[in-house]
Amino acid sequence: MTAPSPDYSVPALEKGLEILEALSASPEPLTLSSLAGVLNRKNSEIFRMLNFLERRCYVIRDDLGGYRLSLKLYQISHAQCRVRQLVDAALPALQELSAQTGESCHLSVLEGAEIVVLAGVESPRPVHLAVKSGGRFSAIHTVSGRMLLAGLSAEARLAALQSAPEFQRMKRPARMALEKSIARAARERFSSAANETVAGVVDAAVEIGNAEGGIHAALAISSLHAKGKSPDPKVFLSPLRKSAQRIEARIGFRV
């Protein structure tokens, strides 16, 4: 017999869920006062939570002060289907790419100012770098992240960057260098650089899909090289693009 889960109280989360559930059940937008009445709470109890949910785009406030749900929850509920479809389509291409180049490769998506690794295939070589699925890394300091940031609109890119404390701390010269790197990735549709975390590694990435098409990911190679023998990242450009095209074809993506 399975033991019952501990009944831990999480007041802030409970309040947020109550708000979302009340708005989902209402056929029309609810003002702060009417929502407080539905929940049997004071205005002051839910004002800050409503403001937070609005900033995170879970709720939308109209010109009359009424709150309604955005489509974000719908998008989240359907995101896992797209992710599974993308991973299933990408794994054969990742295996082919690793076998062809002898390098480790991985697939990642953008989440705020971070990238999340969805899948990876290790190099067949006895000594290699492996990027773990589920790993999170700064979009600012990775070629995959900069490739994905390059594919966003100017407004979406700025919003993503401003959500990162490290971006807020960057001085003007560093921000200008980042903007130049992202602009180059957008122009060339290719991002490459020495790995900023691990010495002796060169990374190269291309884009899969686009931000408007519902599928937006980066396909990257991480090449671990011997001391003094750094490869030219552009040798990976053609195999990366061909693999990206195969993945896009498998998921039925069209520009």
# chains A, B, ... in the order shown; residues from 1 in each chain; ligands from 1
call {"tool": "residues_around", "arguments": {"residues": "A:Leu237", "least_positions_apart": "3", "cutoff": "8 Å", "atoms": "only C-alpha atoms", "output": "JSON list (two decimals) with C-alpha atoms, in the first residue's frame"}}
result
[["chain", "number", "residue", "atom", "x", "y", "z"],
["A", 190, "PHE", "CA", 25.53, 29.70, -38.16],
["A", 204, "ALA", "CA", 29.21, 25.04, -33.81],
["A", 205, "ALA", "CA", 25.43, 25.33, -34.19],
["A", 206, "VAL", "CA", 22.67, 25.89, -36.74],
["A", 233, "PRO", "CA", 34.31, 25.28, -36.94],
["A", 234, "LYS", "CA", 33.15, 25.83, -40.52],
["A", 240, "LEU", "CA", 25.03, 20.44, -39.54],
["A", 241, "ARG", "CA", 22.82, 22.06, -42.16]]
call {"tool": "residues_around", "arguments": {"residues": "A:Ala220", "least_positions_apart": "3", "cutoff": "10 Å", "atoms": "only C-alpha atoms", "output": "PyMOL selection string"}}
result
chain A and resi 94+104-108+120+143-144+147+190-192+203-207+217+223+236-237+240+244
call {"tool": "residues_around", "arguments": {"residues": "stretch 24-26 of chain A", "least_positions_apart": "5", "cutoff": "12 Å", "atoms": "only C-alpha atoms", "output": "PDB file with C-alpha atoms, in the first residue's frame"}}
result
ATOM      1  CA  LEU A  17      -3.861  28.308  -8.826  1.00  0.00           C
ATOM      2  CA  GLU A  18      -7.137  29.559  -7.356  1.00  0.00           C
ATOM      3  CA  ILE A  19      -6.866  32.684  -9.524  1.00  0.00           C
ATOM      4  CA  THR A  31     -11.949  42.773 -12.228  1.00  0.00           C
ATOM      5  CA  SER A  34     -15.020  40.655  -8.620  1.00  0.00           C
ATOM      6  CA  LEU A  35     -12.231  38.063  -8.607  1.00  0.00           C
ATOM      7  CA  VAL A  38     -15.336  34.852  -6.223  1.00  0.00           C
ATOM      8  CA  TYR A  58      -0.487  33.935 -17.754  1.00  0.00           C
ATOM      9  CA  VAL A  59      -3.261  36.520 -17.504  1.00  0.00           C
ATOM     10  CA  GLY A  66     -10.807  42.998 -16.307  1.00  0.00           C
ATOM     11  CA  TYR A  67      -8.507  39.975 -16.123  1.00  0.00           C
ATOM     12  CA  ARG A  68      -8.702  36.908 -18.363  1.00  0.00           C
ATOM     13  CA  LEU A  69      -6.434  33.959 -19.102  1.00  0.00           C
ATOM     14  CA  SER A  70      -3.894  34.243 -21.898  1.00  0.00           C
ATOM     15  CA  LEU A  71      -3.077  31.307 -24.176  1.00  0.00           C
ATOM     16  CA  LEU A  73      -1.340  27.556 -20.384  1.00  0.00           C
ATOM     17  CA  TYR A  74      -2.647  26.164 -23.669  1.00  0.00           C
TER      18      TYR A  74
END
call {"tool": "closest_atom_pairs", "arguments": {"of": "stretch 202-232 of chain A", "to": "stretch 151-162 of chain A", "cutoff": "9 Å", "atoms": "only C-alpha atoms", "output": "tab-separated table"}}
result
residue	atom	partner	partner_atom	distance
A:Glu207	CA	A:Gly151	CA	7.9
A:Asn210	CA	A:Gly151	CA	6.5
A:Ala211	CA	A:Leu152	CA	6.1
A:Glu212	CA	A:Leu152	CA	8.5
A:His216	CA	A:Gly151	CA	8.4
call {"tool": "closest_residue", "arguments": {"among": "A:Glu28, A:Val198, A:Gly134, A:Glu14", "to": "A:Arg61", "atoms": "only C-alpha atoms"}}
result
A:Glu28
call {"tool": "select_by_dssp", "arguments": {"residues": "stretch 23-239 of chain A", "states": "strand (DSSP E)", "output": "PyMOL selection string"}}
result
chain A and resi 59-61+67-69+104-111+114-121+136-138+191-194+201-209+216-224
call {"tool": "write_last_selection", "arguments": {"atoms": "C-alpha atoms", "output": "PDB file, in the first residue's frame"}}
result
ATOM      1  CA  VAL A  59      -3.261  36.520 -17.504  1.00  0.00           C
ATOM      2  CA  ILE A  60      -4.139  39.571 -19.574  1.00  0.00           C
ATOM      3  CA  ARG A  61      -5.778  42.779 -18.291  1.00  0.00           C
ATOM      4  CA  TYR A  67      -8.507  39.975 -16.123  1.00  0.00           C
ATOM      5  CA  ARG A  68      -8.702  36.908 -18.363  1.00  0.00           C
ATOM      6  CA  LEU A  69      -6.434  33.959 -19.102  1.00  0.00           C
ATOM      7  CA  SER A 104      29.340  14.612 -30.035  1.00  0.00           C
ATOM      8  CA  CYS A 105      26.206  16.538 -30.989  1.00  0.00           C
ATOM      9  CA  HIS A 106      23.103  17.734 -29.221  1.00  0.00           C
ATOM     10  CA  LEU A 107      19.735  19.406 -29.696  1.00  0.00           C
ATOM     11  CA  SER A 108      18.521  22.265 -27.511  1.00  0.00           C
ATOM     12  CA  VAL A 109      15.713  24.793 -27.206  1.00  0.00           C
ATOM     13  CA  LEU A 110      15.495  28.241 -25.677  1.00  0.00           C
ATOM     14  CA  GLU A 111      13.723  28.821 -22.385  1.00  0.00           C
ATOM     15  CA  GLU A 114      18.756  29.582 -20.937  1.00  0.00           C
ATOM     16  CA  ILE A 115      18.988  26.682 -23.328  1.00  0.00           C
ATOM     17  CA  VAL A 116      17.666  23.269 -22.351  1.00  0.00           C
ATOM     18  CA  VAL A 117      19.312  20.227 -23.941  1.00  0.00           C
ATOM     19  CA  LEU A 118      16.611  17.884 -25.248  1.00  0.00           C
ATOM     20  CA  ALA A 119      18.785  15.117 -26.676  1.00  0.00           C
ATOM     21  CA  GLY A 120      22.397  14.291 -27.399  1.00  0.00           C
ATOM     22  CA  VAL A 121      24.556  11.636 -29.001  1.00  0.00           C
ATOM     23  CA  ARG A 136      20.611  23.934 -18.708  1.00  0.00           C
ATOM     24  CA  PHE A 137      23.137  26.490 -19.879  1.00  0.00           C
ATOM     25  CA  SER A 138      23.306  30.225 -20.381  1.00  0.00           C
ATOM     26  CA  SER A 191      27.100  30.195 -34.739  1.00  0.00           C
ATOM     27  CA  SER A 192      30.533  29.010 -33.648  1.00  0.00           C
ATOM     28  CA  ALA A 193      33.118  29.739 -30.966  1.00  0.00           C
ATOM     29  CA  ALA A 194      35.473  28.182 -28.483  1.00  0.00           C
ATOM     30  CA  VAL A 201      36.302  22.449 -27.067  1.00  0.00           C
ATOM     31  CA  VAL A 202      34.987  24.163 -30.191  1.00  0.00           C
ATOM     32  CA  ASP A 203      31.214  24.454 -30.637  1.00  0.00           C
ATOM     33  CA  ALA A 204      29.208  25.042 -33.808  1.00  0.00           C
ATOM     34  CA  ALA A 205      25.432  25.325 -34.186  1.00  0.00           C
ATOM     35  CA  VAL A 206      22.674  25.888 -36.737  1.00  0.00           C
ATOM     36  CA  GLU A 207      18.976  26.627 -36.339  1.00  0.00           C
ATOM     37  CA  ILE A 208      16.112  24.171 -36.800  1.00  0.00           C
ATOM     38  CA  GLY A 209      12.732  25.677 -37.669  1.00  0.00           C
ATOM     39  CA  HIS A 216      12.592  26.342 -32.841  1.00  0.00           C
ATOM     40  CA  ALA A 217      15.748  24.512 -31.810  1.00  0.00           C
ATOM     41  CA  ALA A 218      19.494  24.510 -32.257  1.00  0.00           C
ATOM     42  CA  LEU A 219      21.551  21.586 -33.517  1.00  0.00           C
ATOM     43  CA  ALA A 220      25.133  21.749 -32.267  1.00  0.00           C
ATOM     44  CA  ILE A 221      28.436  19.908 -32.422  1.00  0.00           C
ATOM     45  CA  SER A 222      30.916  20.026 -29.540  1.00  0.00           C
ATOM     46  CA  SER A 223      34.368  19.057 -30.765  1.00  0.00           C
ATOM     47  CA  LEU A 224      36.979  18.115 -28.173  1.00  0.00           C
TER      48      LEU A 224
END
call {"tool": "select_by_dssp", "arguments": {"residues": "stretch 23-227 of chain A", "states": "helix (DSSP H, G or I)", "output": "ChimeraX atom specification"}}
result
/A:23-25,32-39,43-55,72-101,143-150,154-162,165-169,172-188
call {"tool": "closest_residue", "arguments": {"among": "A:Val87, A:Leu129, A:Ala183, A:Leu97", "to": "A:Ala199", "atoms": "only C-alpha atoms"}}
result
A:Leu129
call {"tool": "atom_distance", "arguments": {"atom1": "atom CA of A:Glu122", "atom2": "atom CA of A:Ala249"}}
result
23.4 Å
call {"tool": "closest_residue", "arguments": {"among": "A:Lys72, A:Ala36, A:Pro27, A:Arg250", "to": "A:Leu53", "atoms": "only C-alpha atoms"}}
result
A:Lys72
call {"tool": "closest_residue", "arguments": {"among": "A:Phe253, A:Asn43, A:Leu64, A:Ile140", "to": "A:Gln168", "atoms": "only C-alpha atoms"}}
result
A:Ile140
call {"tool": "decode", "arguments": {"residues": "stretch 125-139 of chain A", "atoms": "N, CA and C atoms", "output": "PDB file, in the first residue's frame"}}
result
ATOM      1  N   ARG A 125      34.402   8.340 -30.473  1.00  0.00           N
ATOM      2  CA  ARG A 125      35.812   8.321 -30.086  1.00  0.00           C
ATOM      3  C   ARG A 125      35.957   7.978 -28.599  1.00  0.00           C
ATOM      4  N   PRO A 126      37.074   7.349 -28.218  1.00  0.00           N
ATOM      5  CA  PRO A 126      37.235   6.937 -26.819  1.00  0.00           C
ATOM      6  C   PRO A 126      37.306   8.104 -25.841  1.00  0.00           C
ATOM      7  N   VAL A 127      37.789   9.267 -26.298  1.00  0.00           N
ATOM      8  CA  VAL A 127      37.840  10.461 -25.456  1.00  0.00           C
ATOM      9  C   VAL A 127      36.989  11.529 -26.121  1.00  0.00           C
ATOM     10  N   HIS A 128      35.946  11.978 -25.423  1.00  0.00           N
ATOM     11  CA  HIS A 128      35.045  12.950 -26.031  1.00  0.00           C
ATOM     12  C   HIS A 128      34.302  13.720 -24.953  1.00  0.00           C
ATOM     13  N   LEU A 129      33.630  14.772 -25.399  1.00  0.00           N
ATOM     14  CA  LEU A 129      32.790  15.564 -24.509  1.00  0.00           C
ATOM     15  C   LEU A 129      31.344  15.124 -24.693  1.00  0.00           C
ATOM     16  N   ALA A 130      30.625  14.924 -23.607  1.00  0.00           N
ATOM     17  CA  ALA A 130      29.210  14.561 -23.670  1.00  0.00           C
ATOM     18  C   ALA A 130      28.386  15.659 -23.004  1.00  0.00           C
ATOM     19  N   VAL A 131      27.325  16.088 -23.667  1.00  0.00           N
ATOM     20  CA  VAL A 131      26.417  17.091 -23.115  1.00  0.00           C
ATOM     21  C   VAL A 131      25.147  16.377 -22.677  1.00  0.00           C
ATOM     22  N   LYS A 132      24.853  16.432 -21.410  1.00  0.00           N
ATOM     23  CA  LYS A 132      23.766  15.645 -20.823  1.00  0.00           C
ATOM     24  C   LYS A 132      22.398  16.197 -21.190  1.00  0.00           C
ATOM     25  N   SER A 133      21.481  15.317 -21.583  1.00  0.00           N
ATOM     26  CA  SER A 133      20.098  15.713 -21.840  1.00  0.00           C
ATOM     27  C   SER A 133      19.487  16.266 -20.557  1.00  0.00           C
ATOM     28  N   GLY A 134      18.739  17.334 -20.688  1.00  0.00           N
ATOM     29  CA  GLY A 134      18.146  17.981 -19.526  1.00  0.00           C
ATOM     30  C   GLY A 134      19.011  19.072 -18.943  1.00  0.00           C
ATOM     31  N   GLY A 135      20.252  19.161 -19.407  1.00  0.00           N
ATOM     32  CA  GLY A 135      21.149  20.192 -18.904  1.00  0.00           C
ATOM     33  C   GLY A 135      20.693  21.579 -19.310  1.00  0.00           C
ATOM     34  N   ARG A 136      20.955  22.535 -18.446  1.00  0.00           N
ATOM     35  CA  ARG A 136      20.611  23.934 -18.708  1.00  0.00           C
ATOM     36  C   ARG A 136      21.885  24.763 -18.734  1.00  0.00           C
ATOM     37  N   PHE A 137      21.955  25.650 -19.729  1.00  0.00           N
ATOM     38  CA  PHE A 137      23.137  26.490 -19.879  1.00  0.00           C
ATOM     39  C   PHE A 137      22.715  27.900 -20.289  1.00  0.00           C
ATOM     40  N   SER A 138      23.582  28.839 -20.014  1.00  0.00           N
ATOM     41  CA  SER A 138      23.306  30.225 -20.381  1.00  0.00           C
ATOM     42  C   SER A 138      23.192  30.365 -21.893  1.00  0.00           C
ATOM     43  N   ALA A 139      22.136  31.036 -22.355  1.00  0.00           N
ATOM     44  CA  ALA A 139      22.008  31.310 -23.788  1.00  0.00           C
ATOM     45  C   ALA A 139      23.053  32.322 -24.237  1.00  0.00           C
TER      46      ALA A 139
END
